[in-house]
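Novice: My questions will all concern the structure given below.
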Amino acid sequence: MSSEEQLIHKERLILDAARKRFAYYGFSKVTMDEIAADCGMAKASLYYYYPNKEQLFERVVTEEQRHFIDDVEGVIGQEIPASRKLCAYVERRFELFRELINLSSLGVQNFHEVKVQFSHLFRNFETRELKLLQQILLSGAGAGEFSVPNPQRTARLLLHVLQGLRLRALHDGQEPGARTYNALREEMASCVEHFLNGIRTQPSSNNGTTHHEAGREH
């Protein structure tokens, strides 16, 4: 293994260990000492890669966001109706939200604090999400499936509605349980179906794929 490959391998070990720690204990309770021990390396070696916990957490969150973007882009590239692409996007967005809750903290309050601390990450990610949504809407319009006079405004509207549903699920300040997650998933599914009914140019059995079915396509 070359020196470059060794560096890449060690960094992957660090990221995997950090992700597990953050997911189990939450951002605020994890220390760099613990991550270094999990990797079997000295703390000084860990600091060579990441000078502080904030930069390491930022990299972990960025990786989760990148996986989401890659996944949705893979769905967009499929030869399937745009309505199914949109449903798949919403399903994957729900899964990402649940993952970020786990990484940030066992308590929802800390999730909000972490989101403020790393606000630039979420702002950049929102920009990328809007582009993905516009791609889906434009592909549907190009195929004659959707009627969307203003794709940019429509994409922003849908994203804001989904964000609102997510915030509602966190309104009591407690960590969401299985019932809350299931209710949120169903609300998001219902939302996208109503949204699709408003922009479809004509009904189609293919376009009527349910949210959960679309989530299994990729």
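Chain lettering (A, B, ...) mirrors the order of the structure tokens, residue numbering begins at 1 for each chain separately, and ligand numbering begins at 1 in order of display.
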If you run DSSP on the backbone, which residues of region 62-174 of chain A are alpha helix (DSSP H), as a ChimeraX atom specification?

Specialist: /A:62-76,82-104,108-117,119-142,151-169

Novice: Closest to Met188 (chain A) among A:Tyr25, A:Tyr47, A:Tyr89, A:Phe68, using only C-alpha atoms?

Specialist: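 Comparing A:Tyr25, A:Tyr47, A:Tyr89, A:Phe68 against Met188 (chain A), the winner is A:Tyr89.
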
Novice: Using only C-alpha atoms, which residues sit within 8 Å of region 121-136 of chain A once same-chain residues fewer than 5 positions away are excluded, as a short mmCIF file (atom, residue, chain, number, x, y, z; two decimals) with C-alpha atoms, in the first residue's frame?

Specialist:
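Below is the file that was written, selection.cif:
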data_model
loop_
_atom_site.label_atom_id
_atom_site.label_comp_id
_atom_site.auth_asym_id
_atom_site.auth_seq_id
_atom_site.Cartn_x
_atom_site.Cartn_y
_atom_site.Cartn_z
CA GLU A 58 -18.55 18.77 9.45
CA THR A 62 -20.87 16.47 4.40
CA GLN A 65 -25.19 14.87 2.34
CA ILE A 69 -27.06 13.84 -3.55
CA VAL A 72 -30.91 11.15 -5.87
CA GLU A 73 -28.84 11.92 -8.96
CA ILE A 76 -32.91 11.19 -11.70
CA ALA A 82 -40.63 12.18 -13.09
CA LYS A 85 -38.28 10.42 -9.19
CA LEU A 86 -39.93 13.04 -7.02
CA LYS A 115 -27.63 23.17 12.74
CA PRO A 151 -39.80 25.34 -11.89
CA GLN A 152 -37.55 27.36 -9.58
CA ALA A 155 -39.13 23.62 -6.28
CA ARG A 156 -38.64 26.14 -3.51
CA LEU A 159 -38.84 22.16 -0.26
#

Novice: Nearest to Ala37 (chain A) among A:His9, A:Phe57, A:Gly77, A:Ile14, with distances taken over only C-alpha atoms: which residue is it?

Specialist: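 The closest residue to Ala37 (chain A) is A:Ile14.
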
Novice: Here is a test: counting only C-alpha atoms, which residue of A:Lys53, A:Arg66, A:Lys29, A:Arg185 is nearest to Arg98 (chain A)?

Specialist: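 Among the listed residues, A:Arg185 lies closest to Arg98 (chain A).
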
Novice: Mind giving me the straight-line distance from CA of Ala17 (chain A) to CA of Ser119 (chain A) in Å, one decimal?

Specialist: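 We find that CA of Ala17 (chain A) and CA of Ser119 (chain A) lie 23.8 Å from each other.
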
Novice: Using only C-alpha atoms, determine which residues lie at most 10 Å from Val192 (chain A), disregarding the query and same-chain residues fewer than 6 positions distant; provide the list as a PDB file with C-alpha atoms, in the first residue's frame.

Specialist:
ATOM      1  CA  SER A  83     -43.348  11.611 -10.516  1.00  0.00           C
ATOM      2  CA  LEU A  86     -39.928  13.038  -7.018  1.00  0.00           C
ATOM      3  CA  CYS A  87     -41.354  10.427  -4.656  1.00  0.00           C
ATOM      4  CA  VAL A  90     -38.810  12.703  -0.749  1.00  0.00           C
ATOM      5  CA  LEU A 158     -42.106  22.055  -2.196  1.00  0.00           C
ATOM      6  CA  VAL A 161     -43.326  22.516   2.781  1.00  0.00           C
ATOM      7  CA  LEU A 162     -41.132  19.463   3.450  1.00  0.00           C
ATOM      8  CA  GLY A 198     -51.532  19.749  -8.893  1.00  0.00           C
ATOM      9  CA  THR A 210     -46.898   5.448  -4.192  1.00  0.00           C
ATOM     10  CA  HIS A 211     -44.180   7.118  -2.166  1.00  0.00           C
TER      11      HIS A 211
END

Novice: Looking at A:Asn197, A:Asn150, A:Ser2, A:Gln55, which one is nearest to Met32 (chain A), with distances taken over only C-alpha atoms?

Specialist: A:Gln55

Novice: Using only C-alpha atoms, which of A:Thr180, A:Phe94, A:Arg153, A:Thr31 sits nearest Leu46 (chain A)?

Specialist: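 Among the listed residues, A:Thr31 lies closest to Leu46 (chain A).
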
Novice: Which residue is closest to Phe118 (chain A)? Choose from A:Ala178, A:Val61, A:Met41, A:Ile101 and count only C-alpha atoms.

Specialist: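 Among A:Ala178, A:Val61, A:Met41, A:Ile101, it is A:Val61 that comes nearest to Phe118 (chain A).
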
Novice: Could you please determine the separation between CA of Glu64 (chain A) and CA of Lys10 (chain A) in Å, to one decimal place?

Specialist: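 These atoms are spaced 18.7 Å apart.
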
Novice: Find the distance between CA of Gly26 (chain A) and CA of Pro51 (chain A) and write it in Å to one decimal.

Specialist: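 It comes out at 19.1 Å.
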